[in-house]
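Asker: protein-v7.txt is the file, holding compact mmCIF, C-alpha atoms:
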# COMPACT_ATOMS: atom_id res chain seq x y z
CA MET J 1 13.06 21.00 57.53
CA VAL J 2 9.34 20.57 58.14
CA LYS J 3 7.58 23.92 58.54
CA ILE J 4 5.43 24.29 61.64
CA ILE J 5 2.45 26.68 61.59
CA LEU J 6 0.10 27.41 64.49
CA VAL J 7 -3.51 28.48 63.94
CA SER J 8 -6.01 29.17 66.73
CA HIS J 9 -8.93 31.21 67.95
CA GLY J 10 -8.01 34.32 69.95
CA ASN J 11 -4.43 34.78 71.13
CA MET J 12 -3.80 31.13 71.86
CA ALA J 13 -1.42 30.45 68.94
CA GLN J 14 0.76 33.48 69.68
CA ALA J 15 0.70 32.89 73.44
CA LEU J 16 1.48 29.18 73.07
CA LEU J 17 4.42 30.00 70.82
CA GLU J 18 5.78 32.62 73.23
CA THR J 19 5.40 30.19 76.13
CA ALA J 20 7.16 27.46 74.16
CA SER J 21 10.04 29.84 73.47
CA ASN J 22 10.58 30.20 77.23
CA ILE J 23 11.07 26.44 77.46
CA GLY J 24 12.52 25.31 74.14
CA SER J 25 15.44 26.85 72.34
CA PHE J 26 14.43 28.01 68.87
CA ASP J 27 13.95 31.09 66.74
CA ILE J 28 10.37 32.26 67.30
CA SER J 29 10.30 33.99 63.90
CA GLU J 30 10.49 30.61 62.16
CA ILE J 31 7.08 29.56 63.46
CA PRO J 32 4.15 31.59 62.10
CA ALA J 33 1.26 31.85 64.57
CA PHE J 34 -2.09 32.99 63.17
CA SER J 35 -5.43 33.59 64.77
CA VAL J 36 -9.02 33.71 63.60
CA SER J 37 -9.68 37.42 63.91
CA GLY J 38 -12.84 39.00 65.27
CA LYS J 39 -13.35 40.45 61.80
CA GLY J 40 -14.10 36.94 60.70
CA ASP J 41 -12.07 37.38 57.56
CA LEU J 42 -11.24 33.75 56.84
CA GLU J 43 -10.03 34.48 53.32
CA SER J 44 -7.13 36.56 54.55
CA LEU J 45 -6.29 33.89 57.16
CA SER J 46 -6.26 31.33 54.38
CA ALA J 47 -3.93 33.53 52.30
CA LYS J 48 -1.56 33.94 55.25
CA ILE J 49 -1.42 30.18 55.83
CA LEU J 50 -0.82 29.46 52.14
CA SER J 51 2.02 31.95 51.92
CA ALA J 52 3.69 30.42 54.99
CA LEU J 53 3.76 26.82 53.73
CA GLY J 54 7.23 25.24 53.64
CA GLN J 55 9.05 23.45 50.81
CA ASP J 56 9.78 20.28 52.79
CA GLY J 57 6.26 19.78 54.04
CA THR J 58 4.18 21.67 56.58
CA LEU J 59 2.55 20.59 59.80
CA ILE J 60 -0.29 22.92 60.81
CA LEU J 61 -1.19 22.66 64.48
CA VAL J 62 -4.67 23.96 65.29
CA ASP J 63 -6.62 24.37 68.52
CA THR J 64 -9.91 22.56 68.06
CA LEU J 65 -11.62 20.15 65.68
CA GLY J 66 -14.30 21.87 63.63
CA GLY J 67 -13.33 25.37 64.70
CA SER J 68 -12.81 28.05 62.02
CA SER J 69 -9.07 27.78 62.62
CA CYS J 70 -9.18 24.07 61.84
CA ASN J 71 -11.62 24.39 58.94
CA THR J 72 -9.52 27.08 57.27
CA ALA J 73 -6.30 25.07 57.71
CA VAL J 74 -7.93 21.97 56.22
CA GLN J 75 -9.08 23.97 53.18
CA CYS J 76 -5.44 24.95 52.65
CA THR J 77 -4.45 21.28 52.34
CA GLN J 78 -6.38 21.20 49.07
CA HIS J 79 -3.61 23.27 47.51
CA SER J 80 -0.71 21.03 48.48
CA GLN J 81 -0.09 17.33 49.01
CA ASN J 82 2.60 17.94 51.55
CA VAL J 83 0.57 19.57 54.32
CA LYS J 84 -0.88 17.91 57.40
CA VAL J 85 -3.29 19.33 59.97
CA VAL J 86 -3.39 18.13 63.58
CA CYS J 87 -5.93 19.51 66.03
CA GLY J 88 -5.88 19.79 69.82
CA VAL J 89 -2.42 21.33 70.05
CA ASN J 90 -0.90 21.71 73.50
CA LEU J 91 2.50 22.84 74.76
CA ASN J 92 4.01 19.33 74.63
CA MET J 93 2.92 18.82 71.04
CA LEU J 94 4.30 22.16 69.93
CA LEU J 95 7.66 21.52 71.62
CA THR J 96 7.85 18.04 70.08
CA ALA J 97 7.11 19.50 66.66
CA ILE J 98 9.71 22.25 66.99
CA ASN J 99 12.42 20.01 68.46
CA ASN J 100 12.08 17.33 65.79
CA ARG J 101 11.20 19.34 62.69
CA ASN J 102 14.71 19.06 61.24
CA LYS J 103 15.19 15.39 62.17
CA MET J 104 12.06 13.83 60.71
CA ASP J 105 9.95 13.93 57.59
CA LEU J 106 6.37 15.23 57.73
CA GLN J 107 4.84 11.77 58.12
CA SER J 108 6.96 10.64 61.07
CA LEU J 109 6.92 14.06 62.71
CA THR J 110 3.11 14.08 62.62
CA LYS J 111 3.02 10.62 64.18
CA LYS J 112 5.40 11.65 66.96
CA VAL J 113 3.51 14.87 67.70
CA LEU J 114 0.28 12.90 68.07
CA GLU J 115 1.92 10.26 70.28
CA ASP J 116 3.49 12.87 72.55
CA GLY J 117 0.22 14.78 72.69
CA LYS J 118 -1.66 11.70 73.83
CA LYS J 119 1.08 10.84 76.34
CA SER J 120 0.81 14.34 77.81
CA LEU J 121 -2.75 13.79 79.04
CA ILE J 122 -2.36 12.29 82.49
CA ASP J 123 -4.49 12.21 85.61
CA ILE J 124 -1.56 12.95 87.89
CA SER J 125 -3.62 12.78 91.09
CA GLU J 126 -4.67 9.26 90.12
CA LYS J 127 -1.03 8.30 89.39
CA LEU J 128 0.10 9.59 92.77
CA LYS J 129 -2.42 7.51 94.72
CA MET W 1 -39.83 20.76 62.35
CA ILE W 2 -37.28 23.52 62.55
CA CYS W 3 -36.23 24.24 66.11
CA PHE W 4 -33.61 26.89 65.39
CA THR W 5 -32.51 28.94 62.38
CA ARG W 6 -29.10 30.59 62.24
CA ILE W 7 -27.21 32.53 59.61
CA ASP W 8 -23.54 31.73 59.86
CA ASN W 9 -21.03 31.86 57.01
CA ARG W 10 -18.63 29.72 59.04
CA LEU W 11 -21.24 26.94 58.98
CA ILE W 12 -20.39 24.24 61.54
CA HIS W 13 -17.65 25.75 63.70
CA GLY W 14 -16.70 26.33 67.33
CA GLN W 15 -19.64 28.54 68.39
CA VAL W 16 -22.15 26.15 66.87
CA VAL W 17 -20.61 22.93 68.20
CA GLN W 18 -19.61 24.14 71.66
CA SER W 19 -22.49 26.49 72.52
CA TRP W 20 -25.58 26.28 70.33
CA LEU W 21 -25.93 22.54 69.79
CA PRO W 22 -25.79 21.71 73.53
CA LYS W 23 -28.50 24.36 74.13
CA ILE W 24 -30.85 23.51 71.26
CA LYS W 25 -32.19 19.99 71.36
CA ALA W 26 -31.88 19.03 67.71
CA ASP W 27 -31.76 15.71 65.87
CA GLU W 28 -30.40 16.97 62.60
CA VAL W 29 -28.23 19.83 61.42
CA LEU W 30 -29.34 20.97 57.98
CA VAL W 31 -26.67 23.14 56.37
CA ILE W 32 -27.79 25.32 53.47
CA SER W 33 -24.70 26.14 51.47
CA LYS W 34 -24.35 25.65 47.75
CA GLN W 35 -20.56 25.84 47.86
CA ALA W 36 -20.14 23.46 50.85
CA ALA W 37 -22.51 20.94 49.28
CA GLN W 38 -20.14 20.71 46.32
CA ASN W 39 -17.01 20.37 48.45
CA THR W 40 -16.59 16.82 49.79
CA LEU W 41 -13.70 17.87 52.04
CA MET W 42 -15.89 20.49 53.75
CA VAL W 43 -18.71 18.01 54.24
CA LYS W 44 -16.29 15.46 55.72
CA MET W 45 -14.93 18.11 58.12
CA MET W 46 -18.44 19.08 59.23
CA ARG W 47 -19.31 15.43 59.86
CA MET W 48 -16.13 15.05 61.92
CA ALA W 49 -16.81 18.20 63.93
CA LEU W 50 -20.42 17.34 64.70
CA PRO W 51 -20.88 15.40 67.95
CA GLN W 52 -22.18 11.85 67.61
CA GLY W 53 -25.94 11.49 67.51
CA TYR W 54 -26.67 14.30 65.08
CA ALA W 55 -27.73 13.65 61.52
CA LEU W 56 -26.15 15.99 58.98
CA LYS W 57 -27.39 17.16 55.63
CA VAL W 58 -25.57 19.71 53.50
CA CYS W 59 -27.37 21.00 50.43
CA SER W 60 -28.57 24.00 48.43
CA ALA W 61 -31.74 25.92 49.32
CA GLN W 62 -33.50 24.25 46.43
CA GLU W 63 -32.64 20.74 47.61
CA ALA W 64 -33.48 21.51 51.23
CA LEU W 65 -37.12 22.11 50.52
CA ASN W 66 -38.16 18.46 50.57
CA SER W 67 -36.57 18.03 53.99
CA LEU W 68 -38.33 21.13 55.24
CA LYS W 69 -41.72 20.35 53.76
CA THR W 70 -42.12 16.85 55.17
CA ASN W 71 -44.01 16.86 58.41
CA SER W 72 -41.69 14.93 60.65
CA ASP W 73 -41.03 15.14 64.36
CA LYS W 74 -37.35 15.38 63.63
CA LYS W 75 -35.98 18.55 65.19
CA ILE W 76 -33.90 20.43 62.65
CA PHE W 77 -31.16 22.94 63.43
CA LEU W 78 -31.14 24.99 60.25
CA LEU W 79 -27.81 26.58 59.48
CA VAL W 80 -27.92 28.95 56.49
CA GLU W 81 -24.70 30.31 55.02
CA ASP W 82 -25.98 33.76 54.05
CA LEU W 83 -28.99 36.02 53.51
CA ASN W 84 -29.20 35.24 49.80
CA GLN W 85 -29.74 31.57 50.48
CA LEU W 86 -32.28 32.38 53.21
CA LEU W 87 -34.12 34.50 50.66
CA GLU W 88 -33.97 31.60 48.19
CA LEU W 89 -35.55 29.33 50.82
CA THR W 90 -38.27 31.89 51.41
CA GLU W 91 -39.06 32.17 47.72
CA GLN W 92 -39.60 28.41 47.77
CA GLY W 93 -42.17 28.70 50.54
CA PHE W 94 -40.11 28.60 53.71
CA CYS W 95 -42.25 30.08 56.52
CA PRO W 96 -41.26 33.23 58.43
CA GLN W 97 -39.11 32.50 61.45
CA LYS W 98 -37.09 34.07 64.17
CA VAL W 99 -33.59 34.02 62.67
CA ASN W 100 -30.44 34.09 64.74
CA ILE W 101 -27.55 35.92 63.10
CA GLY W 102 -24.14 34.58 64.03
CA ASN W 103 -21.50 35.45 61.47
CA THR W 104 -21.63 36.98 58.00
CA GLU W 105 -18.95 37.40 55.38
CA TYR W 106 -16.70 40.40 55.90
CA ASN W 107 -15.46 42.80 53.30
CA GLU W 108 -14.40 46.42 53.59
CA ASN W 109 -17.53 47.73 51.88
CA LYS W 110 -19.78 46.35 54.57
CA LYS W 111 -20.86 48.03 57.79
CA GLU W 112 -20.19 46.28 61.09
CA PHE W 113 -23.36 45.60 63.12
CA SER W 114 -21.71 43.45 65.74
CA THR W 115 -18.50 41.40 66.06
CA GLY W 116 -18.56 39.06 63.08
CA VAL W 117 -21.74 40.58 61.61
CA TYR W 118 -21.41 42.77 58.49
CA PHE W 119 -24.01 43.91 56.00
CA ASN W 120 -24.04 46.01 52.85
CA GLU W 121 -27.02 47.86 51.36
CA LYS W 122 -28.11 44.80 49.40
CA ASP W 123 -28.13 42.67 52.57
CA LEU W 124 -30.18 45.28 54.42
CA ALA W 125 -32.70 45.33 51.58
CA ILE W 126 -33.11 41.55 51.90
CA ILE W 127 -33.56 41.90 55.66
CA LYS W 128 -36.20 44.59 55.17
CA ASN W 129 -38.00 42.44 52.63
CA LEU W 130 -37.98 39.40 54.93
CA LYS W 131 -39.04 41.45 57.94
CA ASN W 132 -42.07 42.60 55.97
CA LYS W 133 -42.88 38.94 55.40
CA GLY W 134 -42.84 38.30 59.14
CA PHE W 135 -39.26 37.31 59.91
CA THR W 136 -37.43 38.64 62.93
CA PHE W 137 -33.65 38.87 63.04
CA ILE W 138 -31.71 38.58 66.27
CA ILE W 139 -27.97 39.19 66.35
CA GLN W 140 -26.56 36.85 68.97
CA ALA W 141 -23.17 35.15 68.61
CA LEU W 142 -23.56 32.82 71.60
CA PRO W 143 -26.43 31.83 73.92
CA SER W 144 -24.65 33.90 76.60
CA SER W 145 -24.49 37.03 74.41
CA LEU W 146 -27.10 39.74 74.56
CA GLU W 147 -29.95 39.30 72.06
CA VAL W 148 -30.07 42.35 69.80
CA GLU W 149 -32.95 42.70 67.38
CA LEU W 150 -31.82 43.95 64.00
CA ASN W 151 -33.71 46.99 62.77
CA ALA W 152 -33.12 47.56 59.09
What do you get writing this file as C-alpha cells?

Answerer:
Amino acid sequence: MVKIILVSHGNMAQALLETASNIGSFDISEIPAFSVSGKGDLESLSAKILSALGQDGTLILVDTLGGSSCNTAVQCTQHSQNVKVVCGVNLNMLLTAINNRNKMDLQSLTKKVLEDGKKSLIDISEKLK
Amino acid sequence: MICFTRIDNRLIHGQVVQSWLPKIKADEVLVISKQAAQNTLMVKMMRMALPQGYALKVCSAQEALNSLKTNSDKKIFLLVEDLNQLLELTEQGFCPQKVNIGNTEYNENKKEFSTGVYFNEKDLAIIKNLKNKGFTFIIQALPSSLEVELNA
C-alpha cells in the first residue's frame, strides 16, 4: 500500500486530514500529518518525514510550491527513489489518495491524484449560467 | 543595485514568494548560500518556486561579489542564508545596508528574538561588529509585521 503523508504550513495538514476523516472512511492514524512549526526547525521536520516513509512507495502531499513544507519534502526524496511530492493539496486530492492507495502503485496513484485535483477546480457559477 | 537585503535560512520560501517579492520591485534574486549552490535539486526547486520574470542566481559570498560590484541598473533582491555569509560578503567589500531579518536556524542553545529568529552569542557578536560598520538590522517576517530594530 502506498503511504500518504501530508505536510503543510500551520495547522492545514492536520485540519485537512481531520476533515477528510469526516467524509472518507479510513484510519486517521495511518496518515501522518506534519506542519512547519513556528520554531522553524526544518531538520526535525525532515527527520519526521523520513521516519514515516512507507515500504511500497510514499506520496507526500504538500500545500504550496516553494514553501518550506514543500522544500523540506523534496529534500527527503533525495534519500529514496520511491517517493513523490505533489503540491497544492486540497480535500479532493487527499480523498483520492487515501481511497486508492491500496489499489494503485505510486506512479498511477500520483497521476490520479493530480487529475482529480485539476478536475476539482471549477467555476461553478459559470457552469450554472 | 541592491534593492533589498534579507537574512533567511529558508531561502526562497512562502514568505519571500508570496509577500516580499510582490512588494519589492526586483529583477533578480541573488541567493547567497554555499550549501544551496552545491545542491542542484535545491536550485531547481528555487527556480520553480520563483514567479516568472525574475532572474535567479545562487552562489557563495565569494562568487557573488562580481554580481554586486558591477554597476548595473538591475535591481537585486539579496537573500543571504545566515550571518556568517553576510559577514563574508562584508569582508569582501559589501557596503553597509539596512538588513531585514526573516528566519535564522534554530537550535536549543540559541535565544529567541522573534518567531523564527534565533541567535547565539557568536551571532550577536557578528551583529555588533556589523552595526559598528554601519549596518542596521530589522527583524520583520512579513511586510505586514511590525519592524523591530535589533539592538545587540

Asker: I'd like the contact shell of range 16-33 of chain W - 7 Å cut-off, all atoms listed in the file, skipping same-chain residues fewer than 6 positions apart - returned as a ChimeraX atom specification.

Answerer: /W:3,50,54-61,74-81,142-143

Asker: Which residue, J:Ser29, J:Ser37, J:Asn102, J:Ser108, has the smallest gap to chain W when you use all atoms listed in the file?

Answerer: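 The answer is J:Ser37, which sits nearest to chain W.
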
Asker: Using all atoms listed in the file, what does the table of chain W residues within 7 Å of chain J look like, with each row giving the shortest atom pair and its distance in Å to one decimal, sorted by chain and ascending number, as a Markdown table?

Answerer:
| residue | atom | partner | partner_atom | distance |
| --- | --- | --- | --- | --- |
| W:Arg10 | CA | J:Ser68 | CA | 6.7 |
| W:Ile12 | CA | J:Gly66 | CA | 6.9 |
| W:His13 | CA | J:Gly67 | CA | 4.5 |
| W:Gly14 | CA | J:Gly67 | CA | 4.4 |
| W:Met45 | CA | J:Gly66 | CA | 6.7 |
| W:Met46 | CA | J:Gly66 | CA | 6.7 |
| W:Ala49 | CA | J:Gly66 | CA | 4.5 |
| W:Tyr106 | CA | J:Asp41 | CA | 5.8 |
| W:Thr115 | CA | J:Gly38 | CA | 6.2 |
| W:Gly116 | CA | J:Gly40 | CA | 5.5 |

Asker: Around (9.6, 34.3, 60.4), as given in the file, which residues come within 12 Å? Count all atoms listed in the file and list them as a VMD selection string.

Answerer: chain J and resid 3 to 5 26 to 33 51 to 54

Asker: With all atoms listed in the file as the counted atoms, please give the residues lying no more than 10 Å from range 12-20 of chain J, apart from itself and same-chain residues fewer than 4 positions off, as a PyMOL selection string.

Answerer: chain J and resi 5-8+24-26+28-29+31-36+61-63+89-92+94-95+98

Asker: If we count only C-alpha atoms and set the cut-off at 9 Å, which residues sit around Pro96 in chain W, ignoring sequence neighbours fewer than 4 positions away in its own chain? Please answer as a ChimeraX atom specification.

Answerer: /W:90,130-131,133-136

Asker: Which neighbours of range 80-83 of chain J fall inside 7 Å, counting all atoms listed in the file, when residues of the same chain fewer than 4 positions from it are skipped, and could you give them as a ChimeraX atom specification?

Answerer: /J:57-59

Asker: Could you check how far CA of Thr40 in chain W sits from CA of Ile60 in chain J, in Å to one decimal?

Answerer: 20.6 Å

Asker: Which residues, written as a PDB file with C-alpha atoms, in the coordinates of the input, have at least one atom at most 12 Å from Asp116 in chain J, with only C-alpha atoms counted and residues fewer than 3 positions away on the same chain left out?

Answerer:
ATOM      1  CA  GLY J  88      -5.880  19.790  69.820  1.00  0.00           C
ATOM      2  CA  VAL J  89      -2.420  21.330  70.050  1.00  0.00           C
ATOM      3  CA  ASN J  90      -0.900  21.710  73.500  1.00  0.00           C
ATOM      4  CA  LEU J  91       2.500  22.840  74.760  1.00  0.00           C
ATOM      5  CA  ASN J  92       4.010  19.330  74.630  1.00  0.00           C
ATOM      6  CA  MET J  93       2.920  18.820  71.040  1.00  0.00           C
ATOM      7  CA  LEU J  94       4.300  22.160  69.930  1.00  0.00           C
ATOM      8  CA  LEU J  95       7.660  21.520  71.620  1.00  0.00           C
ATOM      9  CA  THR J  96       7.850  18.040  70.080  1.00  0.00           C
ATOM     10  CA  ALA J  97       7.110  19.500  66.660  1.00  0.00           C
ATOM     11  CA  ASN J 100      12.080  17.330  65.790  1.00  0.00           C
ATOM     12  CA  LEU J 109       6.920  14.060  62.710  1.00  0.00           C
ATOM     13  CA  THR J 110       3.110  14.080  62.620  1.00  0.00           C
ATOM     14  CA  LYS J 111       3.020  10.620  64.180  1.00  0.00           C
ATOM     15  CA  LYS J 112       5.400  11.650  66.960  1.00  0.00           C
ATOM     16  CA  VAL J 113       3.510  14.870  67.700  1.00  0.00           C
ATOM     17  CA  LYS J 119       1.080  10.840  76.340  1.00  0.00           C
ATOM     18  CA  SER J 120       0.810  14.340  77.810  1.00  0.00           C
ATOM     19  CA  LEU J 121      -2.750  13.790  79.040  1.00  0.00           C
ATOM     20  CA  ILE J 122      -2.360  12.290  82.490  1.00  0.00           C
TER      21      ILE J 122
END

Asker: One decimal, Å: what's the distance from CA of Lys110 in chain W over to CA of Phe137 in chain W, could you say?

Answerer: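 Those two atoms sit 17.9 Å apart.
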
Asker: Is there a way to get, as a ChimeraX atom specification, all residues within 7 Å of the point (-5.5, 29.7, 57.1) in file coordinates, counting only C-alpha atoms?

Answerer: /J:45-50,69,72-73,76

Asker: Please indicate the distance in Å from CA of Met104 in chain J to CA of Ser21 in chain J, rounded to one decimal place.

Answerer: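 One can read the CA of Met104 in chain J to CA of Ser21 in chain J distance as 20.6 Å.
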
Asker: Show me, as AutoDock Vina command-line options, the centre and edge lengths in Å to one decimal of the axis-aligned box that covers every listed atom of range 96-109 of chain W with 6 Å on each side.

Answerer:
--center_x -27.8 --center_y 40.1 --center_z 58.3 --size_x 38.9 --size_y 27.2 --size_z 24.9
